[in-house]
>>> print(open('final_20.tsv').read())   # TSV, C-alpha atoms
chain	number	residue	atom	x	y	z
A	1	MET	CA	114.20	44.84	60.83
A	2	ALA	CA	110.43	45.31	60.48
A	3	GLN	CA	110.91	48.85	61.74
A	4	LYS	CA	108.68	50.56	59.20
A	5	ASN	CA	105.07	49.79	58.62
A	6	ILE	CA	105.37	47.87	55.39
A	7	PRO	CA	102.42	45.76	54.19
A	8	ASP	CA	102.90	42.04	54.72
A	9	ILE	CA	102.02	41.44	51.08
A	10	VAL	CA	105.14	43.37	50.10
A	11	ILE	CA	107.23	41.36	52.56
A	12	GLY	CA	105.75	38.24	50.99
A	13	ARG	CA	107.13	39.17	47.57
A	14	LEU	CA	110.70	39.82	48.76
A	15	PRO	CA	111.60	36.12	49.13
A	16	ILE	CA	110.43	35.59	45.55
A	17	TYR	CA	112.61	38.44	44.30
A	18	LEU	CA	115.50	37.05	46.33
A	19	ARG	CA	115.08	33.55	44.92
A	20	SER	CA	115.15	34.90	41.39
A	21	LEU	CA	118.21	37.09	42.10
A	22	GLN	CA	120.07	34.15	43.62
A	23	ARG	CA	119.28	32.12	40.54
A	24	MET	CA	120.71	34.90	38.36
A	25	GLU	CA	123.83	34.93	40.55
A	26	ASP	CA	124.16	31.18	40.05
A	27	GLU	CA	123.94	31.82	36.33
A	28	GLY	CA	126.92	34.18	36.68
A	29	ARG	CA	124.89	37.31	36.03
A	30	GLN	CA	125.82	40.69	37.53
A	31	VAL	CA	123.17	43.22	36.61
A	32	THR	CA	119.41	43.00	36.16
A	33	SER	CA	116.44	45.33	35.83
A	34	SER	CA	112.94	45.54	37.24
A	35	GLN	CA	111.77	44.69	33.71
A	36	GLU	CA	113.75	41.47	33.56
A	37	LEU	CA	112.81	40.45	37.09
A	38	GLY	CA	109.21	41.22	36.30
A	39	GLU	CA	109.24	39.05	33.19
A	40	ARG	CA	110.78	36.14	35.07
A	41	LEU	CA	108.24	36.45	37.86
A	42	GLY	CA	105.08	37.53	36.10
A	43	ILE	CA	104.97	40.70	38.21
A	44	SER	CA	104.97	44.20	36.73
A	45	ALA	CA	108.26	46.11	36.74
A	46	ALA	CA	106.47	49.03	38.38
A	47	GLN	CA	105.33	46.81	41.25
A	48	ILE	CA	108.87	45.55	41.81
A	49	ARG	CA	110.31	49.09	41.80
A	50	LYS	CA	107.59	50.25	44.19
A	51	ASP	CA	108.15	47.31	46.57
A	52	LEU	CA	111.92	47.81	46.66
A	53	SER	CA	111.68	51.58	47.03
A	54	GLN	CA	110.02	51.06	50.42
A	55	PHE	CA	113.41	49.93	51.72
A	56	GLY	CA	115.72	52.44	50.04
A	57	GLU	CA	117.40	53.13	46.72
A	58	PHE	CA	118.86	49.91	45.32
A	59	GLY	CA	119.31	50.74	41.65
A	60	LYS	CA	120.12	53.68	39.44
A	61	GLN	CA	117.76	54.88	36.74
A	62	GLY	CA	119.00	53.41	33.49
A	63	THR	CA	121.70	51.12	34.89
A	64	GLY	CA	119.49	48.61	36.70
A	65	TYR	CA	120.25	46.65	39.84
A	66	ASN	CA	123.56	45.11	40.83
A	67	ILE	CA	122.40	41.54	41.53
A	68	GLU	CA	124.85	40.73	44.32
A	69	PHE	CA	124.17	44.03	46.08
A	70	LEU	CA	120.37	43.77	45.83
A	71	SER	CA	120.50	40.13	46.89
A	72	LYS	CA	122.45	41.03	50.01
A	73	LYS	CA	120.13	43.93	50.80
A	74	ILE	CA	117.05	41.71	50.58
A	75	ARG	CA	118.71	39.04	52.73
A	76	ASP	CA	119.41	41.79	55.28
A	77	ILE	CA	115.81	42.98	55.19
A	78	LEU	CA	114.46	39.42	55.53
A	79	ASN	CA	116.91	38.65	58.32
A	80	VAL	CA	118.41	35.70	56.46
A	81	GLU	CA	122.02	36.85	56.34
A	82	ARG	CA	122.17	34.82	59.56
A	83	VAL	CA	121.15	31.16	59.67
A	84	TRP	CA	117.99	30.21	61.57
A	85	GLU	CA	117.96	26.86	63.30
A	86	VAL	CA	114.68	25.02	62.77
A	87	ALA	CA	112.82	22.38	64.76
A	88	LEU	CA	110.83	19.90	62.67
A	89	VAL	CA	107.89	18.18	64.35
A	90	GLY	CA	106.50	15.08	62.67
A	91	ALA	CA	108.72	12.62	60.79
A	92	GLY	CA	106.09	11.15	58.48
A	93	ASP	CA	106.29	11.30	54.69
A	94	ILE	CA	106.36	15.08	54.40
A	95	GLY	CA	108.52	15.58	57.50
A	96	SER	CA	111.07	13.07	56.20
A	97	ALA	CA	111.12	14.75	52.81
A	98	LEU	CA	111.74	18.11	54.51
A	99	ALA	CA	114.51	16.59	56.64
A	100	ARG	CA	116.25	15.35	53.50
A	101	TYR	CA	115.69	18.52	51.47
A	102	ASN	CA	119.02	20.20	50.72
A	103	GLY	CA	117.55	23.56	49.74
A	104	PHE	CA	117.32	25.09	53.22
A	105	ASN	CA	120.93	25.68	54.14
A	106	GLN	CA	122.01	28.13	51.47
A	107	ARG	CA	118.83	30.16	51.98
A	108	GLY	CA	119.06	30.84	55.71
A	109	PHE	CA	117.71	27.76	57.48
A	110	LEU	CA	119.23	24.73	59.16
A	111	ILE	CA	117.13	21.91	60.54
A	112	LYS	CA	118.52	21.25	64.00
A	113	LEU	CA	115.96	19.09	65.83
A	114	ILE	CA	113.45	16.51	64.60
A	115	PHE	CA	110.67	15.14	66.80
A	116	ASP	CA	108.08	12.42	66.50
A	117	ASN	CA	105.80	10.67	68.97
A	118	ASP	CA	105.96	7.23	67.32
A	119	PRO	CA	108.08	4.86	69.46
A	120	ARG	CA	109.12	3.02	66.27
A	121	LYS	CA	110.61	6.23	64.88
A	122	ILE	CA	112.17	7.72	68.01
A	123	GLY	CA	115.91	7.04	68.02
A	124	SER	CA	116.01	6.12	64.34
A	125	ARG	CA	117.78	8.32	61.83
A	126	ILE	CA	116.91	10.44	58.81
A	127	GLY	CA	120.21	11.29	57.16
A	128	GLU	CA	122.31	12.90	59.88
A	129	PHE	CA	119.40	13.42	62.28
A	130	THR	CA	118.27	11.23	65.13
A	131	ILE	CA	114.53	11.49	65.67
A	132	LEU	CA	113.83	12.71	69.19
A	133	ASP	CA	110.93	11.87	71.48
A	134	ALA	CA	108.22	14.52	71.10
A	135	THR	CA	107.75	14.55	74.87
A	136	ARG	CA	111.18	16.24	75.03
A	137	MET	CA	110.16	18.88	72.49
A	138	ALA	CA	109.78	21.90	74.78
A	139	ALA	CA	112.94	21.15	76.75
A	140	GLU	CA	115.13	20.56	73.69
A	141	ILE	CA	113.83	23.64	71.87
A	142	GLN	CA	114.42	25.85	74.90
A	143	ARG	CA	117.88	24.40	75.44
A	144	ALA	CA	118.84	25.02	71.80
A	145	GLY	CA	117.17	28.44	71.71
A	146	VAL	CA	115.40	27.59	68.45
A	147	GLN	CA	112.78	30.11	67.32
A	148	VAL	CA	111.55	28.61	64.03
A	149	ALA	CA	109.57	25.37	63.61
A	150	MET	CA	107.99	23.31	60.87
A	151	VAL	CA	104.97	21.19	61.78
A	152	SER	CA	104.12	18.12	59.72
A	153	VAL	CA	101.86	16.14	62.04
A	154	PRO	CA	98.27	14.94	61.45
A	155	ALA	CA	95.66	17.70	61.52
A	156	ALA	CA	94.18	16.50	64.80
A	157	HIS	CA	97.51	16.99	66.62
A	158	ALA	CA	98.68	20.20	65.01
A	159	GLN	CA	97.11	22.74	67.38
A	160	GLY	CA	98.39	20.87	70.43
A	161	VAL	CA	101.89	20.79	68.97
A	162	ALA	CA	101.68	24.49	68.10
A	163	ASP	CA	100.67	25.32	71.68
A	164	GLN	CA	103.71	23.47	73.00
A	165	LEU	CA	106.00	25.14	70.47
A	166	VAL	CA	104.78	28.60	71.43
A	167	GLU	CA	105.20	27.75	75.10
A	168	ALA	CA	108.79	26.67	74.34
A	169	GLY	CA	109.60	30.00	72.70
A	170	ILE	CA	109.00	29.34	68.99
A	171	LYS	CA	108.19	32.58	67.14
A	172	ALA	CA	107.56	31.34	63.60
A	173	ILE	CA	105.73	28.17	62.52
A	174	LEU	CA	105.51	26.74	59.02
A	175	ASN	CA	102.48	24.47	59.22
A	176	TYR	CA	102.00	21.55	56.82
A	177	ALA	CA	99.00	20.13	58.67
A	178	PRO	CA	95.76	20.85	56.78
A	179	VAL	CA	94.21	22.88	59.59
A	180	ASN	CA	94.42	26.49	60.74
A	181	LEU	CA	96.59	27.13	63.80
A	182	ASN	CA	95.74	29.73	66.39
A	183	VAL	CA	98.76	31.35	67.99
A	184	PRO	CA	99.19	34.40	70.21
A	185	ALA	CA	100.19	37.82	68.89
A	186	GLY	CA	103.93	37.97	68.27
A	187	VAL	CA	104.06	34.46	66.79
A	188	ARG	CA	103.87	34.12	62.99
A	189	VAL	CA	102.30	31.18	61.16
A	190	GLN	CA	102.42	30.29	57.49
A	191	HIS	CA	100.40	27.41	56.06
A	192	ILE	CA	101.25	25.01	53.27
A	193	ASP	CA	98.35	22.86	52.12
A	194	PRO	CA	98.50	21.60	48.53
A	195	VAL	CA	94.72	21.20	48.34
A	196	VAL	CA	94.16	24.85	49.22
A	197	HIS	CA	96.45	25.83	46.35
A	198	LEU	CA	94.81	23.36	43.95
A	199	GLN	CA	91.29	24.55	44.82
A	200	ARG	CA	92.34	28.12	44.26
A	201	MET	CA	93.13	27.14	40.67
A	202	THR	CA	90.17	24.87	39.88
A	203	TYR	CA	87.88	27.87	40.42
A	204	TYR	CA	89.13	29.08	37.05
A	205	LEU	CA	88.82	25.74	35.21
A	206	ASP	CA	85.83	24.42	33.30
B	207	MET	CA	82.28	29.29	37.49
B	208	ALA	CA	84.59	32.32	37.50
B	209	GLN	CA	81.88	34.26	35.67
B	210	LYS	CA	82.04	37.41	37.79
B	211	ASN	CA	85.10	39.54	38.24
B	212	ILE	CA	86.03	38.49	41.76
B	213	PRO	CA	89.51	39.33	43.08
B	214	ASP	CA	91.84	36.33	43.17
B	215	ILE	CA	92.64	37.12	46.80
B	216	VAL	CA	89.00	36.40	47.67
B	217	ILE	CA	89.12	33.14	45.70
B	218	GLY	CA	92.27	32.29	47.65
B	219	ARG	CA	90.41	32.50	50.96
B	220	LEU	CA	87.53	30.24	49.92
B	221	PRO	CA	89.54	26.98	50.21
B	222	ILE	CA	90.49	28.02	53.74
B	223	TYR	CA	86.86	28.65	54.67
B	224	LEU	CA	85.94	25.32	53.08
B	225	ARG	CA	88.62	23.42	55.00
B	226	SER	CA	87.38	24.87	58.26
B	227	LEU	CA	83.74	24.11	57.42
B	228	GLN	CA	84.59	20.52	56.51
B	229	ARG	CA	86.38	20.17	59.82
B	230	MET	CA	83.26	21.42	61.63
B	231	GLU	CA	81.19	18.90	59.66
B	232	ASP	CA	83.58	16.15	60.77
B	233	GLU	CA	83.02	17.34	64.34
B	234	GLY	CA	79.28	16.80	63.83
B	235	ARG	CA	78.47	20.51	63.84
B	236	GLN	CA	75.52	21.93	61.88
B	237	VAL	CA	75.56	25.71	62.21
B	238	THR	CA	78.32	28.29	62.43
B	239	SER	CA	78.73	32.05	62.20
B	240	SER	CA	81.14	34.42	60.53
B	241	GLN	CA	82.34	35.25	64.06
B	242	GLU	CA	83.21	31.64	64.85
B	243	LEU	CA	84.82	31.03	61.46
B	244	GLY	CA	86.77	34.25	61.89
B	245	GLU	CA	88.08	33.22	65.30
B	246	ARG	CA	89.15	29.83	64.00
B	247	LEU	CA	90.92	31.39	61.04
B	248	GLY	CA	92.25	34.65	62.40
B	249	ILE	CA	90.23	36.57	59.80
B	250	SER	CA	87.66	39.24	60.69
B	251	ALA	CA	84.00	38.23	60.62
B	252	ALA	CA	83.30	41.25	58.41
B	253	GLN	CA	85.86	40.06	55.86
B	254	ILE	CA	84.30	36.61	55.73
B	255	ARG	CA	80.78	38.01	55.28
B	256	LYS	CA	82.02	40.36	52.56
B	257	ASP	CA	83.87	37.55	50.73
B	258	LEU	CA	80.88	35.22	50.80
B	259	SER	CA	78.40	37.94	49.84
B	260	GLN	CA	80.16	38.20	46.47
B	261	PHE	CA	78.66	34.82	45.59
B	262	GLY	CA	75.15	35.19	47.01
B	263	GLU	CA	73.26	34.99	50.26
B	264	PHE	CA	74.41	31.99	52.26
B	265	GLY	CA	73.26	32.82	55.78
B	266	LYS	CA	70.47	34.59	57.59
B	267	GLN	CA	71.10	37.52	59.88
B	268	GLY	CA	71.05	36.17	63.41
B	269	THR	CA	70.90	32.46	62.56
B	270	GLY	CA	74.34	32.03	60.99
B	271	TYR	CA	75.39	29.62	58.28
B	272	ASN	CA	74.23	26.05	57.77
B	273	ILE	CA	77.60	24.31	57.56
B	274	GLU	CA	76.64	21.57	55.12
B	275	PHE	CA	74.89	24.05	52.81
B	276	LEU	CA	77.72	26.59	52.85
B	277	SER	CA	80.27	23.83	52.38
B	278	LYS	CA	78.47	22.56	49.31
B	279	LYS	CA	78.12	26.08	47.90
B	280	ILE	CA	81.84	26.76	48.26
B	281	ARG	CA	82.69	23.40	46.69
B	282	ASP	CA	80.42	24.41	43.79
B	283	ILE	CA	82.12	27.78	43.44
B	284	LEU	CA	85.60	26.23	43.56
B	285	ASN	CA	84.62	23.51	41.10
B	286	VAL	CA	85.51	20.71	43.51
B	287	GLU	CA	82.15	18.98	43.69
B	288	ARG	CA	83.68	16.98	40.88
B	289	VAL	CA	86.99	15.12	41.26
B	290	TRP	CA	90.01	16.40	39.31
B	291	GLU	CA	92.51	13.86	38.14
B	292	VAL	CA	96.08	14.98	38.75
B	293	ALA	CA	99.39	14.16	37.08
B	294	LEU	CA	102.41	14.19	39.39
B	295	VAL	CA	105.81	14.80	37.81
B	296	GLY	CA	108.86	13.92	39.89
B	297	ALA	CA	108.92	10.94	42.26
B	298	GLY	CA	111.65	12.17	44.60
B	299	ASP	CA	111.15	12.75	48.33
B	300	ILE	CA	108.41	15.35	48.01
B	301	GLY	CA	106.74	13.67	45.03
B	302	SER	CA	106.63	10.35	46.86
B	303	ALA	CA	105.19	12.02	49.95
B	304	LEU	CA	102.49	13.61	47.77
B	305	ALA	CA	101.76	10.26	46.10
B	306	ARG	CA	101.18	8.68	49.51
B	307	TYR	CA	99.22	11.59	50.97
B	308	ASN	CA	95.65	10.51	51.65
B	309	GLY	CA	94.23	14.02	51.99
B	310	PHE	CA	93.55	14.70	48.32
B	311	ASN	CA	90.65	12.39	47.56
B	312	GLN	CA	87.98	13.74	49.87
B	313	ARG	CA	88.82	17.31	48.83
B	314	GLY	CA	88.42	17.03	45.08
B	315	PHE	CA	91.67	15.58	43.72
B	316	LEU	CA	92.85	12.16	42.64
B	317	ILE	CA	96.40	11.46	41.60
B	318	LYS	CA	96.12	9.47	38.39
B	319	LEU	CA	99.56	9.50	36.75
B	320	ILE	CA	103.08	9.69	38.20
B	321	PHE	CA	106.14	10.36	36.07
B	322	ASP	CA	109.88	10.37	36.63
B	323	ASN	CA	112.89	10.37	34.30
B	324	ASP	CA	115.09	8.14	36.50
B	325	PRO	CA	115.41	4.66	34.92
B	326	ARG	CA	115.76	3.18	38.43
B	327	LYS	CA	112.34	4.57	39.38
B	328	ILE	CA	110.42	4.00	36.16
B	329	GLY	CA	108.27	0.88	36.50
B	330	SER	CA	108.58	0.76	40.28
B	331	ARG	CA	105.62	1.43	42.53
B	332	ILE	CA	104.55	3.99	45.11
B	333	GLY	CA	101.52	2.51	46.82
B	334	GLU	CA	99.08	1.71	44.03
B	335	PHE	CA	100.93	3.73	41.38
B	336	THR	CA	103.46	2.56	38.85
B	337	ILE	CA	105.94	5.30	38.03
B	338	LEU	CA	105.80	6.06	34.32
B	339	ASP	CA	108.58	7.17	32.01
B	340	ALA	CA	108.60	10.98	31.77
B	341	THR	CA	109.16	10.72	28.02
B	342	ARG	CA	105.55	9.44	27.83
B	343	MET	CA	104.24	12.40	29.84
B	344	ALA	CA	102.52	14.38	27.09
B	345	ALA	CA	100.95	11.31	25.47
B	346	GLU	CA	99.62	9.85	28.74
B	347	ILE	CA	98.25	13.19	29.94
B	348	GLN	CA	96.47	13.79	26.66
B	349	ARG	CA	95.08	10.27	26.60
B	350	ALA	CA	93.74	10.60	30.13
B	351	GLY	CA	92.51	14.17	29.57
B	352	VAL	CA	94.13	15.33	32.80
B	353	GLN	CA	94.12	19.12	33.33
B	354	VAL	CA	95.84	19.47	36.71
B	355	ALA	CA	99.50	18.69	37.52
B	356	MET	CA	101.88	18.83	40.44
B	357	VAL	CA	105.56	19.36	39.67
B	358	SER	CA	108.20	18.18	42.12
B	359	VAL	CA	111.34	18.04	40.01
B	360	PRO	CA	114.68	19.84	40.54
B	361	ALA	CA	114.59	23.58	39.87
B	362	ALA	CA	116.68	23.29	36.72
B	363	HIS	CA	114.12	20.98	35.08
B	364	ALA	CA	110.91	22.63	36.21
B	365	GLN	CA	110.37	25.11	33.37
B	366	GLY	CA	111.01	22.42	30.76
B	367	VAL	CA	108.49	20.13	32.45
B	368	ALA	CA	105.98	22.97	32.70
B	369	ASP	CA	106.34	23.69	28.98
B	370	GLN	CA	105.60	20.05	28.17
B	371	LEU	CA	102.64	19.98	30.55
B	372	VAL	CA	101.11	23.08	28.99
B	373	GLU	CA	101.65	21.59	25.53
B	374	ALA	CA	99.83	18.45	26.69
B	375	GLY	CA	96.80	20.42	27.84
B	376	ILE	CA	97.45	20.98	31.55
B	377	LYS	CA	95.61	24.07	32.80
B	378	ALA	CA	96.70	24.23	36.45
B	379	ILE	CA	100.16	23.51	37.89
B	380	LEU	CA	101.09	23.24	41.54
B	381	ASN	CA	104.84	23.79	41.49
B	382	TYR	CA	107.07	22.49	44.31
B	383	ALA	CA	110.32	23.35	42.51
B	384	PRO	CA	111.96	26.44	44.03
B	385	VAL	CA	111.80	28.48	40.85
B	386	ASN	CA	109.19	30.63	39.16
B	387	LEU	CA	107.40	29.06	36.19
B	388	ASN	CA	106.33	31.04	33.17
B	389	VAL	CA	103.17	29.77	31.53
B	390	PRO	CA	100.87	31.22	28.88
B	391	ALA	CA	97.67	33.08	29.72
B	392	GLY	CA	94.88	30.64	30.56
B	393	VAL	CA	97.17	28.35	32.57
B	394	ARG	CA	97.30	28.85	36.36
B	395	VAL	CA	100.35	28.23	38.52
B	396	GLN	CA	100.66	28.11	42.29
B	397	HIS	CA	104.02	27.81	44.00
B	398	ILE	CA	104.93	25.97	47.20
B	399	ASP	CA	108.42	26.73	48.50
B	400	PRO	CA	108.97	26.32	52.24
B	401	VAL	CA	111.90	28.74	52.24
B	402	VAL	CA	109.78	31.52	50.75
B	403	HIS	CA	107.29	31.03	53.58
B	404	LEU	CA	110.02	30.88	56.22
B	405	GLN	CA	111.73	34.05	54.95
B	406	ARG	CA	108.41	35.85	54.99
B	407	MET	CA	108.31	35.19	58.75
B	408	THR	CA	111.94	35.85	59.68
B	409	TYR	CA	111.49	39.45	58.53
B	410	TYR	CA	109.51	39.93	61.74
B	411	LEU	CA	111.97	38.13	64.06
B	412	ASP	CA	114.89	39.63	65.96
>>> encode(input="final_20.tsv", output="structure tokens")
Amino acid sequence: MAQKNIPDIVIGRLPIYLRSLQRMEDEGRQVTSSQELGERLGISAAQIRKDLSQFGEFGKQGTGYNIEFLSKKIRDILNVERVWEVALVGAGDIGSALARYNGFNQRGFLIKLIFDNDPRKIGSRIGEFTILDATRMAAEIQRAGVQVAMVSVPAAHAQGVADQLVEAGIKAILNYAPVNLNVPAGVRVQHIDPVVHLQRMTYYLD
Amino acid sequence: MAQKNIPDIVIGRLPIYLRSLQRMEDEGRQVTSSQELGERLGISAAQIRKDLSQFGEFGKQGTGYNIEFLSKKIRDILNVERVWEVALVGAGDIGSALARYNGFNQRGFLIKLIFDNDPRKIGSRIGEFTILDATRMAAEIQRAGVQVAMVSVPAAHAQGVADQLVEAGIKAILNYAPVNLNVPAGVRVQHIDPVVHLQRMTYYLD
């Protein structure tokens, strides 16, 4: 995918459309409209139609979108019809919560490897996973051919971990450490920092 | 704050600038430049200067920014010179990790109340917190005058919780449930869903 030059902000909305469509599917629904999606998501119907039209014609004027069809199309576009194996680095509170989270599998992701550098954690288990020694990170990731990683290590270690991940062939990093990561072109990073999101809202409060 | 009509996307970058500036302060640094900030953050220096210029003149041509001064100014703009008390709803894996996270306090937030609806959790402790009965949520939030909440409950319960929070006077919700929340005008919501972030990256992978 990613063949056309579509703004990343549009790509960023597709997973949100997909999540809402999958929820409608779970509710047993078959057809929706840009209006309904827009109301659920707080996005204008026109914006949704414009975003989707960049990838083709997915609905007919007046009859709306077939939910299963549109869902599948968006999964195709986002490359999540396949399952991506994920390496998780850092088995602290957040890392352990991610390891136990059961919401990845049906949405395209499967945690495959978990690493930590704490000798007390290495070899112990989180659910079905055995925590591996972080010194084996590059070798294990290369052996498994994993391209996606989540990083939940202290801020001071995050860039060093990211450098090793990139070296090992990781192409996409979801970073929970509260620090920006610098990666070479061709590697994607997304950041999750609750304080950044909270501060973005307090601007508007009195 | 929020007196001028500044795009939300600009507001969204300020916490990232602030985080980087605070890191420089921790490193004992005193002066920086839009170039250096830009390199650390992967944002153009011109963008950073343009964003900051919306709020006033914070640096001198040729001498850069005083880190402590700019830091304080951004904290003022984002309303985080004060500390915001936060209610946390949902003491599962993610909620517990948030309750134990020590990165909130020095960045403007203090978890004050934790709620769950599981009788086995109510009354038990996470660190210094006693988990309160979710049926007391509205009353406790009103009594404490808390305006900010984090929601880490299952998707099916999140909208119901959000409705109660809004009713109780909450003005900003950080939502970890993988579902969109609808709230009235005047209430802000930010969403954290790791899968949404991961799917946004897999679009670009082969």
>>> residues_around(input="final_20.tsv", residues="stretch 18-22 of chain A", least_positions_apart="2", cutoff="9 Å", atoms="only C-alpha atoms", output="list in words")
Arg13, Leu14, Pro15, Ile16, Met24, Glu25, Asp26, Glu27, Thr32, Leu37, Arg40, Leu41, Ile67, Glu68, Leu70, Ser71, Lys72, Ile74, Arg75 and Arg107 of chain A; Pro384, Val385, Asn386 and Val402 of chain B
>>> interface_residues(input="final_20.tsv", of="chain B", to="chain A", cutoff="6 Å", atoms="all atoms listed in the file", output="list in words")
Ala208, Gly218, Pro221, Leu284, Asn285, Asp299, Ile300, Ala303, Val402, Arg406, Thr408, Tyr409 and Tyr410 of chain B
>>> axis_aligned_box(input="final_20.tsv", around="stretch 56-60 of chain A", padding_each_side="5 Å", output="AutoDock Vina command-line options")
--center_x 117.9 --center_y 51.8 --center_z 44.7 --size_x 14.4 --size_y 13.8 --size_z 20.6
>>> atom_distance(input="final_20.tsv", atom1="atom CA of B:Ser240", atom2="atom CA of A:Ala158")
23.0 Å
>>> closest_residue(input="final_20.tsv", among="A:Ser33, A:Thr135, A:Gln142, A:Ser124", to="A:Glu167", atoms="all atoms listed in the file")
A:Gln142
>>> atom_distance(input="final_20.tsv", atom1="atom CA of B:Val289", atom2="atom CA of B:Leu316")
6.7 Å
>>> closest_residue(input="final_20.tsv", among="A:Arg125, A:Asn5, A:Ala46, A:Asp163", to="A:Pro184", atoms="all atoms listed in the file")
A:Asp163
>>> closest_residue(input="final_20.tsv", among="B:Glu291, B:Glu263, B:Asp324, B:Glu242", to="B:Ile376", atoms="only C-alpha atoms")
B:Glu291
>>> residues_near_point(input="final_20.tsv", point="(91.8, 17.5, 27.9)", cutoff="6 Å", atoms="only C-alpha atoms", output="list in words")
Gly351, Val352 and Gly375 of chain B
>>> write_last_selection(input="final_20.tsv", atoms="C-alpha atoms", output="PDB file, keeping the file's coordinate frame")
ATOM      1  CA  GLY B 351      92.510  14.170  29.570  1.00  0.00           C
ATOM      2  CA  VAL B 352      94.130  15.330  32.800  1.00  0.00           C
ATOM      3  CA  GLY B 375      96.800  20.420  27.840  1.00  0.00           C
TER       4      GLY B 375
END
